[in-house]
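Listing of my_file00.cif; format and content: mmCIF, C-alpha atoms.
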```cif
data_coords
#
loop_
_atom_site.label_atom_id
_atom_site.label_comp_id
_atom_site.auth_asym_id
_atom_site.auth_seq_id
_atom_site.Cartn_x
_atom_site.Cartn_y
_atom_site.Cartn_z
CA GLN A 4 -27.77 -0.07 34.74
CA MET A 5 -25.80 -3.24 34.02
CA THR A 6 -28.29 -4.65 31.51
CA LEU A 7 -26.87 -2.23 28.96
CA PRO A 8 -24.21 -3.73 26.67
CA MET A 9 -20.55 -2.89 27.18
CA SER A 10 -19.23 -0.22 24.82
CA ASP A 11 -16.27 -0.64 22.46
CA ASP A 12 -13.91 1.02 24.92
CA GLY A 13 -14.70 -1.57 27.58
CA LEU A 14 -16.90 0.68 29.72
CA ARG A 15 -20.41 -0.04 30.94
CA PRO A 16 -22.71 2.83 32.08
CA TYR A 17 -24.18 2.83 35.60
CA HIS A 18 -27.07 4.99 36.77
CA LEU A 19 -28.91 5.91 39.97
CA VAL A 20 -32.39 5.06 38.69
CA LYS A 21 -33.97 1.98 37.30
CA GLN A 22 -34.86 2.12 33.62
CA ASP A 23 -37.28 -0.10 31.74
CA TYR A 24 -34.76 -1.17 29.11
CA GLU A 25 -35.64 -4.36 27.36
CA LEU A 26 -32.98 -6.17 25.42
CA THR A 27 -34.56 -8.38 22.81
CA THR A 28 -32.64 -11.46 21.84
CA GLU A 29 -34.37 -13.88 19.55
CA ARG A 30 -37.74 -12.30 20.38
CA GLN A 31 -37.19 -12.68 24.14
CA SER A 32 -37.01 -9.73 26.51
CA PHE A 33 -35.22 -9.40 29.84
CA LYS A 34 -36.03 -7.09 32.77
CA MET A 35 -33.84 -6.51 35.83
CA VAL A 36 -34.98 -8.32 38.96
CA HIS A 37 -35.75 -5.89 41.79
CA GLU A 38 -33.27 -7.44 44.22
CA VAL A 39 -30.49 -7.25 41.64
CA PHE A 40 -31.40 -3.67 40.84
CA LEU A 41 -31.29 -2.59 44.50
CA THR A 42 -27.85 -4.14 45.02
CA ARG A 43 -26.42 -2.43 41.98
CA LEU A 44 -28.13 0.82 42.89
CA LEU A 45 -26.36 0.90 46.26
CA LEU A 46 -23.07 -0.01 44.60
CA THR A 47 -23.47 2.83 42.13
CA LYS A 48 -24.26 5.24 44.94
CA LYS A 49 -21.09 4.19 46.75
CA VAL A 50 -19.02 4.78 43.63
CA LEU A 51 -20.51 8.24 43.12
CA SER A 52 -20.66 9.29 46.79
CA ARG A 53 -17.34 11.14 46.73
CA PHE A 54 -18.44 13.26 43.79
CA VAL A 55 -21.93 13.96 45.17
CA ASN A 56 -20.55 14.89 48.61
CA ASP A 57 -17.97 17.19 47.03
CA LEU A 58 -20.70 18.87 44.98
CA VAL A 59 -22.88 19.53 48.04
CA TRP A 60 -19.92 20.83 50.04
CA LYS A 61 -18.84 23.25 47.33
CA VAL A 62 -22.37 24.57 46.84
CA PHE A 63 -23.01 25.12 50.56
CA SER A 64 -19.67 26.25 51.93
CA ILE A 65 -17.75 29.51 52.10
CA GLY A 66 -14.46 27.72 52.75
CA THR A 67 -12.13 27.16 55.69
CA PRO A 68 -8.38 27.62 56.15
CA SER A 69 -7.87 23.89 55.69
CA ARG A 70 -10.20 23.45 52.73
CA LEU A 71 -10.86 25.96 50.01
CA ALA A 72 -14.31 26.59 48.55
CA PRO A 73 -15.55 28.93 45.83
CA PRO A 74 -15.87 32.51 47.14
CA ILE A 75 -19.36 33.76 47.89
CA PRO A 76 -20.37 36.41 45.33
CA GLU A 77 -20.87 39.76 47.00
CA ALA A 78 -24.23 40.03 45.25
CA VAL A 79 -25.43 36.93 47.14
CA LYS A 80 -24.36 38.43 50.46
CA TYR A 81 -26.13 41.69 49.58
CA LEU A 82 -29.30 39.81 48.57
CA PHE A 83 -29.37 37.67 51.72
CA ASP A 84 -28.87 40.76 53.91
CA PHE A 85 -31.76 42.41 52.08
CA LEU A 86 -33.99 39.41 52.82
CA ASP A 87 -32.99 39.55 56.49
CA GLN A 88 -33.82 43.28 56.57
CA GLN A 89 -37.21 42.70 54.97
CA ALA A 90 -38.04 40.03 57.55
CA ALA A 91 -37.07 42.40 60.38
CA GLU A 92 -38.97 45.32 58.85
CA TYR A 93 -42.21 43.36 58.47
CA GLY A 94 -41.94 41.54 61.79
CA ILE A 95 -41.37 38.08 60.34
CA ASP A 96 -39.69 36.24 63.20
CA GLU A 97 -40.04 32.70 61.85
CA PRO A 98 -36.56 31.52 60.76
CA ASP A 99 -38.07 28.98 58.38
CA VAL A 100 -39.61 31.77 56.29
CA VAL A 101 -36.32 33.59 55.69
CA HIS A 102 -34.61 30.24 55.16
CA THR A 103 -37.13 29.45 52.42
CA TRP A 104 -36.62 32.88 50.80
CA LYS A 105 -32.89 32.22 50.57
CA ASN A 106 -33.47 28.70 49.24
CA ASN A 107 -35.70 29.98 46.46
CA SER A 108 -33.43 32.90 45.54
CA VAL A 109 -30.16 31.01 44.94
CA PRO A 110 -29.87 27.24 45.55
CA LEU A 111 -33.20 26.13 44.10
CA ARG A 112 -33.32 28.73 41.33
CA PHE A 113 -29.68 28.53 40.22
CA TRP A 114 -27.93 25.37 41.41
CA ILE A 115 -30.78 22.94 40.84
CA ASN A 116 -31.04 24.15 37.24
CA ILE A 117 -27.32 23.60 36.70
CA ILE A 118 -27.33 20.17 38.33
CA LYS A 119 -30.33 18.94 36.35
CA ASN A 120 -29.30 20.64 33.11
CA PRO A 121 -25.50 20.62 32.72
CA ASP A 122 -26.06 21.09 29.00
CA PHE A 123 -27.04 24.70 29.85
CA VAL A 124 -23.37 25.32 30.67
CA PHE A 125 -21.40 22.63 28.87
CA ASP A 126 -21.57 21.51 25.28
CA ILE A 127 -22.58 17.94 26.09
CA HIS A 128 -25.30 15.48 25.22
CA LYS A 129 -27.59 14.51 28.10
CA SER A 130 -29.29 11.19 27.55
CA ALA A 131 -32.61 10.32 29.16
CA THR A 132 -30.87 7.96 31.58
CA VAL A 133 -28.33 10.56 32.67
CA ASP A 134 -31.16 13.08 33.03
CA SER A 135 -32.97 10.73 35.43
CA SER A 136 -29.80 10.18 37.47
CA LEU A 137 -29.12 13.90 37.74
CA SER A 138 -32.70 14.40 38.89
CA VAL A 139 -31.97 12.06 41.82
CA VAL A 140 -28.97 14.18 42.85
CA ALA A 141 -30.93 17.40 42.36
CA GLN A 142 -33.76 16.05 44.54
CA MET A 143 -31.26 15.27 47.27
CA VAL A 144 -29.96 18.86 47.16
CA MET A 145 -33.53 20.19 47.24
CA ASP A 146 -34.37 18.02 50.27
CA SER A 147 -31.20 19.28 51.98
CA CYS A 148 -32.58 22.82 51.75
CA GLY A 149 -35.78 21.85 53.54
CA THR A 150 -36.56 22.74 57.14
CA THR A 151 -38.77 19.83 58.14
CA ASP A 152 -37.84 16.17 58.53
CA GLN A 153 -39.13 13.84 55.87
CA ARG A 154 -41.40 11.02 56.91
CA LEU A 155 -40.07 8.12 54.91
CA THR A 156 -41.54 4.65 54.89
CA LYS A 157 -40.87 1.48 52.96
CA GLU A 158 -43.42 2.75 50.44
CA SER A 159 -41.41 5.92 49.77
CA PRO A 160 -39.68 6.22 46.39
CA THR A 161 -36.32 4.50 46.21
CA THR A 162 -34.70 7.75 45.11
CA LYS A 163 -35.86 9.37 48.36
CA LEU A 164 -34.64 6.52 50.55
CA LEU A 165 -31.32 6.37 48.74
CA TYR A 166 -29.99 9.65 50.16
CA ALA A 167 -32.04 9.93 53.36
CA ARG A 168 -28.96 9.81 55.62
CA GLU A 169 -27.02 12.30 53.48
CA VAL A 170 -29.95 14.72 53.53
CA ARG A 171 -29.85 14.91 57.34
CA ASP A 172 -26.14 15.77 57.29
CA SER A 173 -26.43 18.17 54.36
CA ARG A 174 -29.26 20.06 56.06
CA LYS A 175 -26.88 21.04 58.86
CA LEU A 176 -24.38 22.21 56.24
CA VAL A 177 -27.02 24.41 54.58
CA GLU A 178 -27.96 26.02 57.91
CA LYS A 179 -24.29 26.73 58.65
CA TYR A 180 -23.84 28.13 55.15
CA TYR A 181 -26.59 30.72 55.68
CA ALA A 182 -25.29 31.56 59.15
CA ASP A 183 -21.73 32.05 57.83
CA ILE A 184 -22.95 34.38 55.09
CA GLN A 185 -24.98 36.37 57.62
CA ALA A 186 -21.80 36.82 59.71
CA MET A 187 -19.80 38.18 56.76
CA PRO A 188 -19.09 41.95 56.56
CA VAL A 189 -21.98 43.99 55.20
CA ILE A 190 -21.84 44.99 51.53
CA LEU A 191 -22.60 48.70 51.33
CA GLU A 192 -24.94 50.04 48.66
CA GLY A 193 -22.14 52.01 47.01
CA ARG A 194 -20.05 48.86 46.71
CA MET A 195 -23.00 47.04 45.17
CA HIS A 196 -23.34 49.79 42.56
CA ASP A 197 -19.65 49.38 41.69
CA ILE A 198 -20.11 45.61 41.30
CA LEU A 199 -23.07 46.09 38.97
CA GLN A 200 -21.14 48.68 36.96
CA GLN A 201 -18.20 46.30 36.56
CA ALA A 202 -20.57 43.52 35.53
CA SER A 203 -22.14 45.84 32.97
CA VAL A 204 -18.75 46.71 31.45
CA GLY A 205 -17.76 43.06 31.37
CA ALA A 206 -21.06 42.16 29.74
CA ASP A 207 -20.42 44.70 26.96
CA ARG A 208 -17.05 43.12 26.21
CA SER A 209 -18.48 39.61 26.12
CA GLY A 210 -21.14 40.50 23.57
CA PHE A 211 -24.07 40.59 25.99
CA GLN A 212 -27.07 42.25 24.36
CA LYS A 213 -28.22 44.90 26.82
CA ASP A 214 -31.04 46.04 24.54
CA SER A 215 -32.61 42.58 24.57
CA ALA A 216 -32.28 42.34 28.35
CA MET A 217 -33.77 45.81 28.86
CA TYR A 218 -36.63 44.96 26.51
CA ASP A 219 -37.56 41.95 28.66
CA VAL A 220 -37.29 44.08 31.83
CA PHE A 221 -39.57 46.72 30.30
CA ILE A 222 -42.14 44.13 29.24
CA TYR A 223 -42.14 42.83 32.82
CA GLY A 224 -42.51 46.39 34.15
CA LEU A 225 -45.44 47.15 31.86
CA HIS A 226 -47.19 43.95 32.87
CA TYR A 227 -46.88 44.73 36.60
CA ARG A 228 -47.03 48.51 36.28
CA ASP A 229 -49.80 49.14 38.80
CA SER A 230 -48.35 46.77 41.41
CA VAL A 231 -44.82 48.18 41.15
CA SER A 232 -46.05 51.78 41.24
CA ALA A 233 -48.25 51.14 44.28
CA ALA A 234 -45.37 49.36 46.07
CA LEU A 235 -42.99 52.28 45.43
CA LYS A 236 -45.52 54.80 46.71
CA GLY A 237 -46.19 52.62 49.72
CA GLU A 238 -42.47 52.80 50.57
CA GLY A 239 -42.53 56.59 50.26
CA MET A 240 -40.60 56.59 46.94
CA HIS A 241 -43.05 58.88 45.14
CA GLU A 242 -40.42 60.40 42.84
CA MET A 243 -39.21 56.98 41.74
CA ALA A 244 -42.83 55.90 41.20
CA ARG A 245 -43.39 58.95 39.00
CA GLN A 246 -40.27 58.22 36.97
CA PHE A 247 -41.31 54.59 36.60
CA GLU A 248 -44.75 55.59 35.31
CA ASP A 249 -43.19 58.07 32.86
CA VAL A 250 -40.95 55.34 31.47
CA CYS A 251 -43.93 52.98 31.15
CA ASP A 252 -45.90 55.66 29.28
CA GLU A 253 -43.03 56.21 26.84
CA LEU A 254 -42.64 52.49 26.29
CA ALA A 255 -46.35 51.95 25.76
CA HIS A 256 -46.40 54.84 23.27
CA GLY A 257 -43.38 53.42 21.44
CA PHE A 258 -44.94 49.96 21.22
CA ASP A 259 -48.17 51.45 19.88
CA GLU A 260 -46.30 53.32 17.15
CA LYS A 261 -44.35 50.22 16.20
CA SER A 262 -47.53 48.13 16.03
CA SER A 263 -49.30 50.70 13.85
CA SER A 264 -46.34 50.86 11.44
CA LEU A 265 -46.49 47.10 11.01
#
```

Please express the file's structure as C-alpha coordinates.
Amino acid sequence: QMTLPMSDDGLRPYHLVKQDYELTTERQSFKMVHEVFLTRLLLTKKVLSRFVNDLVWKVFSIGTPSRLAPPIPEAVKYLFDFLDQQAAEYGIDEPDVVHTWKNNSVPLRFWINIIKNPDFVFDIHKSATVDSSLSVVAQMVMDSCGTTDQRLTKESPTTKLLYAREVRDSRKLVEKYYADIQAMPVILEGRMHDILQQASVGADRSGFQKDSAMYDVFIYGLHYRDSVSAALKGEGMHEMARQFEDVCDELAHGFDEKSSSL
(Lines of atoms letter the chains of each structure in order from A and count residues from 1; the text may use other names and numbers.)
(Lines give C-alpha, C1' and ligand atoms only; values in the text may rest on other atoms or scores of the structure.)
Protein backbone atom coordinates (compact mmCIF):
# COMPACT_ATOMS: atom_id res chain seq x y z
CA GLN A 1 0.00 0.00 0.00
CA MET A 2 1.70 3.18 -1.19
CA THR A 3 0.23 5.41 1.53
CA LEU A 4 2.82 3.97 3.90
CA PRO A 5 5.96 6.10 4.31
CA MET A 6 9.21 5.06 2.65
CA SER A 7 11.64 3.31 4.98
CA ASP A 8 15.22 4.44 5.67
CA ASP A 9 16.62 2.00 3.12
CA GLY A 10 14.55 3.56 0.34
CA LEU A 11 11.97 0.76 0.12
CA ARG A 12 8.21 1.10 0.27
CA PRO A 13 6.00 -1.94 1.14
CA TYR A 14 3.29 -3.09 -1.28
CA HIS A 15 0.45 -5.47 -0.42
CA LEU A 16 -2.37 -7.37 -2.12
CA VAL A 17 -5.15 -6.07 0.12
CA LYS A 18 -6.42 -2.66 0.98
CA GLN A 19 -5.77 -1.54 4.53
CA ASP A 20 -7.52 1.23 6.43
CA TYR A 21 -4.32 3.08 7.33
CA GLU A 22 -4.83 6.69 8.17
CA LEU A 23 -1.85 8.99 8.18
CA THR A 24 -2.55 11.99 10.36
CA THR A 25 -0.79 15.17 9.43
CA GLU A 26 -1.76 18.26 11.34
CA ARG A 27 -4.98 16.57 12.50
CA GLN A 28 -5.98 15.64 8.93
CA SER A 29 -6.38 12.05 7.75
CA PHE A 30 -6.01 10.59 4.27
CA LYS A 31 -7.61 7.44 2.83
CA MET A 32 -6.74 5.81 -0.50
CA VAL A 33 -9.21 6.49 -3.29
CA HIS A 34 -10.73 3.26 -4.64
CA GLU A 35 -9.59 3.85 -8.22
CA VAL A 36 -6.03 4.48 -7.08
CA PHE A 37 -6.12 1.41 -4.89
CA LEU A 38 -7.32 -0.85 -7.73
CA THR A 39 -4.56 0.36 -10.06
CA ARG A 40 -1.87 -0.25 -7.50
CA LEU A 41 -3.39 -3.58 -6.55
CA LEU A 42 -3.09 -4.83 -10.14
CA LEU A 43 0.46 -3.49 -10.35
CA THR A 44 1.39 -5.32 -7.16
CA LYS A 45 -0.13 -8.52 -8.48
CA LYS A 46 1.93 -8.20 -11.66
CA VAL A 47 5.11 -7.75 -9.64
CA LEU A 48 4.36 -10.80 -7.51
CA SER A 49 2.91 -13.03 -10.26
CA ARG A 50 6.20 -14.81 -10.98
CA PHE A 51 6.59 -15.80 -7.33
CA VAL A 52 2.95 -16.85 -6.88
CA ASN A 53 2.98 -18.91 -10.09
CA ASP A 54 6.23 -20.59 -9.06
CA LEU A 55 4.73 -21.43 -5.66
CA VAL A 56 1.63 -23.04 -7.19
CA TRP A 57 3.71 -25.00 -9.69
CA LYS A 58 6.04 -26.38 -7.04
CA VAL A 59 3.16 -27.38 -4.77
CA PHE A 60 1.20 -29.15 -7.52
CA SER A 61 3.85 -30.74 -9.70
CA ILE A 62 5.93 -33.90 -9.60
CA GLY A 63 8.46 -32.51 -12.06
CA THR A 64 9.38 -33.03 -15.70
CA PRO A 65 12.69 -33.69 -17.47
CA SER A 66 12.88 -30.03 -18.47
CA ARG A 67 11.85 -28.57 -15.12
CA LEU A 68 12.60 -30.00 -11.73
CA ALA A 69 10.11 -30.03 -8.88
CA PRO A 70 10.30 -31.29 -5.30
CA PRO A 71 9.94 -35.09 -5.16
CA ILE A 72 6.60 -36.45 -3.99
CA PRO A 73 7.00 -38.06 -0.54
CA GLU A 74 6.29 -41.77 -0.71
CA ALA A 75 3.94 -41.36 2.24
CA VAL A 76 1.73 -39.06 0.13
CA LYS A 77 1.60 -41.62 -2.68
CA TYR A 78 0.71 -44.35 -0.17
CA LEU A 79 -2.02 -42.17 1.39
CA PHE A 80 -3.56 -41.22 -1.96
CA ASP A 81 -3.59 -44.87 -3.06
CA PHE A 82 -5.32 -45.75 0.21
CA LEU A 83 -8.00 -43.13 -0.47
CA ASP A 84 -8.50 -44.52 -3.98
CA GLN A 85 -8.85 -48.04 -2.53
CA GLN A 86 -11.39 -46.88 0.04
CA ALA A 87 -13.46 -45.23 -2.68
CA ALA A 88 -13.39 -48.43 -4.75
CA GLU A 89 -14.19 -50.62 -1.74
CA TYR A 90 -17.24 -48.59 -0.72
CA GLY A 91 -18.50 -47.99 -4.24
CA ILE A 92 -17.83 -44.26 -4.34
CA ASP A 93 -17.63 -43.54 -8.04
CA GLU A 94 -17.84 -39.74 -7.87
CA PRO A 95 -14.39 -38.34 -8.73
CA ASP A 96 -15.14 -35.10 -6.87
CA VAL A 97 -15.39 -37.00 -3.57
CA VAL A 98 -11.94 -38.58 -3.83
CA HIS A 99 -10.57 -35.28 -5.13
CA THR A 100 -11.90 -33.55 -2.00
CA TRP A 101 -10.39 -36.25 0.27
CA LYS A 102 -6.98 -35.63 -1.27
CA ASN A 103 -7.41 -31.86 -1.01
CA ASN A 104 -8.21 -32.08 2.69
CA SER A 105 -5.43 -34.55 3.48
CA VAL A 106 -2.43 -32.65 2.07
CA PRO A 107 -2.87 -29.31 0.23
CA LEU A 108 -5.47 -27.71 2.48
CA ARG A 109 -4.19 -29.22 5.72
CA PHE A 110 -0.46 -28.73 5.13
CA TRP A 111 0.30 -26.20 2.39
CA ILE A 112 -2.38 -23.65 3.28
CA ASN A 113 -1.06 -23.57 6.85
CA ILE A 114 2.48 -22.95 5.63
CA ILE A 115 1.42 -20.27 3.15
CA LYS A 116 -0.69 -18.38 5.68
CA ASN A 117 1.72 -18.90 8.57
CA PRO A 118 5.34 -18.84 7.36
CA ASP A 119 6.33 -18.01 10.92
CA PHE A 120 5.54 -21.67 11.73
CA VAL A 121 8.64 -22.61 9.73
CA PHE A 122 10.82 -19.51 9.62
CA ASP A 123 11.93 -17.24 12.41
CA ILE A 124 10.26 -14.14 10.99
CA HIS A 125 7.83 -11.48 12.07
CA LYS A 126 4.50 -11.49 10.23
CA SER A 127 2.76 -8.14 10.35
CA ALA A 128 -1.00 -7.79 10.04
CA THR A 129 -0.63 -6.42 6.51
CA VAL A 130 1.57 -9.29 5.36
CA ASP A 131 -0.86 -11.73 7.00
CA SER A 132 -3.73 -10.29 4.94
CA SER A 133 -1.69 -10.53 1.73
CA LEU A 134 -0.73 -14.13 2.40
CA SER A 135 -4.39 -14.92 3.03
CA VAL A 136 -5.14 -13.72 -0.52
CA VAL A 137 -2.55 -16.13 -1.96
CA ALA A 138 -3.77 -18.96 0.28
CA GLN A 139 -7.35 -18.35 -0.86
CA MET A 140 -6.23 -18.59 -4.46
CA VAL A 141 -4.58 -21.97 -3.76
CA MET A 142 -7.71 -23.17 -1.96
CA ASP A 143 -9.91 -22.13 -4.89
CA SER A 144 -7.53 -23.96 -7.25
CA CYS A 145 -8.28 -27.18 -5.38
CA GLY A 146 -12.02 -26.81 -5.92
CA THR A 147 -14.02 -28.85 -8.41
CA THR A 148 -16.78 -26.40 -9.28
CA ASP A 149 -16.51 -23.11 -11.15
CA GLN A 150 -16.94 -19.99 -9.08
CA ARG A 151 -19.76 -17.64 -9.94
CA LEU A 152 -18.11 -14.26 -9.68
CA THR A 153 -19.85 -10.96 -10.17
CA LYS A 154 -18.88 -7.34 -9.79
CA GLU A 155 -20.07 -7.63 -6.19
CA SER A 156 -17.60 -10.43 -5.43
CA PRO A 157 -14.66 -9.61 -3.14
CA THR A 158 -11.73 -7.99 -4.90
CA THR A 159 -9.43 -10.72 -3.59
CA LYS A 160 -11.57 -13.32 -5.39
CA LEU A 161 -11.64 -11.40 -8.66
CA LEU A 162 -7.92 -10.71 -8.51
CA TYR A 163 -6.87 -14.31 -9.24
CA ALA A 164 -9.95 -15.61 -11.06
CA ARG A 165 -8.04 -16.33 -14.28
CA GLU A 166 -5.14 -17.98 -12.45
CA VAL A 167 -7.54 -20.22 -10.53
CA ARG A 168 -8.91 -21.69 -13.78
CA ASP A 169 -5.40 -22.55 -14.98
CA SER A 170 -4.24 -23.82 -11.59
CA ARG A 171 -7.26 -26.11 -11.29
CA LYS A 172 -6.05 -28.03 -14.35
CA LEU A 173 -2.62 -28.30 -12.76
CA VAL A 174 -4.12 -29.75 -9.56
CA GLU A 175 -6.08 -32.37 -11.52
CA LYS A 176 -2.93 -33.37 -13.43
CA TYR A 177 -0.99 -33.51 -10.16
CA TYR A 178 -3.40 -36.07 -8.68
CA ALA A 179 -3.46 -38.06 -11.92
CA ASP A 180 0.36 -38.15 -12.08
CA ILE A 181 0.59 -39.39 -8.50
CA GLN A 182 -2.00 -42.07 -9.21
CA ALA A 183 0.14 -43.27 -12.16
CA MET A 184 3.28 -43.60 -10.02
CA PRO A 185 4.45 -47.09 -8.94
CA VAL A 186 2.59 -48.49 -5.95
CA ILE A 187 4.27 -48.19 -2.55
CA LEU A 188 4.09 -51.61 -0.89
CA GLU A 189 3.16 -51.91 2.77
CA GLY A 190 6.60 -53.27 3.67
CA ARG A 191 8.25 -50.25 2.08
CA MET A 192 5.93 -47.95 4.02
CA HIS A 193 6.96 -49.66 7.27
CA ASP A 194 10.63 -49.05 6.39
CA ILE A 195 9.90 -45.36 5.71
CA LEU A 196 8.17 -44.97 9.07
CA GLN A 197 11.02 -46.76 10.82
CA GLN A 198 13.58 -44.45 9.22
CA ALA A 199 11.49 -41.44 10.19
CA SER A 200 11.32 -42.73 13.75
CA VAL A 201 15.12 -43.10 13.95
CA GLY A 202 15.61 -39.66 12.46
CA ALA A 203 13.13 -38.19 14.92
CA ASP A 204 15.10 -39.66 17.84
CA ARG A 205 18.28 -37.98 16.61
CA SER A 206 16.59 -34.63 16.16
CA GLY A 207 15.26 -34.55 19.71
CA PHE A 208 11.66 -35.39 18.85
CA GLN A 209 9.75 -36.34 22.00
CA LYS A 210 8.06 -39.64 21.20
CA ASP A 211 6.51 -39.88 24.66
CA SER A 212 4.64 -36.60 24.18
CA ALA A 213 3.45 -37.66 20.73
CA MET A 214 2.31 -41.07 22.00
CA TYR A 215 0.51 -39.42 24.90
CA ASP A 216 -1.54 -37.29 22.49
CA VAL A 217 -2.28 -40.37 20.34
CA PHE A 218 -3.45 -42.29 23.41
CA ILE A 219 -5.69 -39.44 24.54
CA TYR A 220 -7.24 -39.43 21.06
CA GLY A 221 -7.67 -43.22 21.20
CA LEU A 222 -9.36 -43.10 24.60
CA HIS A 223 -11.74 -40.40 23.43
CA TYR A 224 -12.82 -42.39 20.36
CA ARG A 225 -12.38 -45.84 21.89
CA ASP A 226 -15.81 -47.22 21.05
CA SER A 227 -15.78 -45.91 17.48
CA VAL A 228 -12.29 -47.22 16.71
CA SER A 229 -13.02 -50.61 18.27
CA ALA A 230 -16.29 -50.99 16.36
CA ALA A 231 -14.57 -49.98 13.09
CA LEU A 232 -11.80 -52.56 13.60
CA LYS A 233 -14.31 -55.31 14.33
CA GLY A 234 -16.35 -54.26 11.33
CA GLU A 235 -13.26 -54.79 9.14
CA GLY A 236 -12.75 -58.25 10.63
CA MET A 237 -9.69 -57.17 12.69
CA HIS A 238 -10.95 -58.68 15.95
CA GLU A 239 -7.48 -59.38 17.34
CA MET A 240 -6.35 -55.81 16.71
CA ALA A 241 -9.57 -54.54 18.29
CA ARG A 242 -8.87 -56.66 21.38
CA GLN A 243 -5.31 -55.35 21.62
CA PHE A 244 -6.54 -51.78 21.21
CA GLU A 245 -9.07 -52.22 24.03
CA ASP A 246 -6.39 -53.76 26.29
CA VAL A 247 -4.13 -50.77 25.70
CA CYS A 248 -7.01 -48.38 26.44
CA ASP A 249 -7.76 -50.23 29.69
CA GLU A 250 -4.12 -49.98 30.79
CA LEU A 251 -4.00 -46.30 29.92
CA ALA A 252 -7.24 -45.53 31.72
CA HIS A 253 -5.98 -47.42 34.78
CA GLY A 254 -2.67 -45.53 34.68
CA PHE A 255 -4.42 -42.17 34.40
CA ASP A 256 -6.68 -43.05 37.34
CA GLU A 257 -3.68 -43.92 39.50
CA LYS A 258 -1.90 -40.73 38.55
CA SER A 259 -4.99 -38.64 39.32
CA SER A 260 -5.45 -40.28 42.72
CA SER A 261 -1.78 -39.68 43.64
CA LEU A 262 -2.21 -35.99 42.87

Just want the 12 Å neighbourhood of Met143 in chain A, counted on only C-alpha atoms, with same-chain residues fewer than 2 positions away dropped. Output as a VMD selection string.
chain A and resid 55 to 56 58 to 59 111 115 118 to 119 136 to 141 145 to 149 153 161 to 174

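Atom pair CA of Trp60 in chain A / CA of Val177 in chain A: separated by 9.2 Å.
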
Out of A:Gln200, A:Gln185, A:Thr150, A:Ser130, which residue has the shortest atom-to-atom distance to Asp99 in chain A when counting only C-alpha atoms?
A:Thr150

Starting from the shown file, work through the PyMOL selection byres ((chain A and resi 110) around 10) and note down what comes out as a VMD selection string.
chain A and resid 62 to 63 105 to 109 111 to 117 144 to 145 148 177

With all atoms listed in the file as the basis for distance, which of A:Ser64, A:Lys157, A:Ile127, A:Ile190 is at the shortest distance from Phe85 in chain A?
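Once distances to Phe85 in chain A are computed over all atoms listed in the file, the minimum belongs to A:Ile190.
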
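CA of Asp229 in chain A is found 24.6 Å from CA of Gln88 in chain A.
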
Using the chain letters and numbers from the file, which residues does the PyMOL selection byres ((chain A and resi 187) around 10) grab, as a PyMOL selection string?
chain A and resi 75+77+80+84+182-186+188-190

What does the distance from CA of Asp197 in chain A to CA of Phe221 in chain A come to in Å, to one decimal?
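Straight-line distance from CA of Asp197 in chain A to CA of Phe221 in chain A works out to 23.1 Å.
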
To box range 158-163 of chain A, take all atoms listed in the file, fit an axis-aligned box, add 5 Å on each side, and give centre and edge lengths in Å to one decimal, as AutoDock Vina command-line options.
```
--center_x -39.1 --center_y 6.1 --center_z 47.8 --size_x 18.7 --size_y 16.6 --size_z 15.3
```

Name the residues that the PyMOL selection byres ((chain A and resi 224) around 12) pulls out of this structure, and write them as a PyMOL selection string.
chain A and resi 217-223+225-232+244+247-252+254-255

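Shortest atom-to-atom contact with Tyr181 in chain A among A:Met240, A:Val79, A:Val133, A:Leu41: A:Val79, counting only C-alpha atoms.
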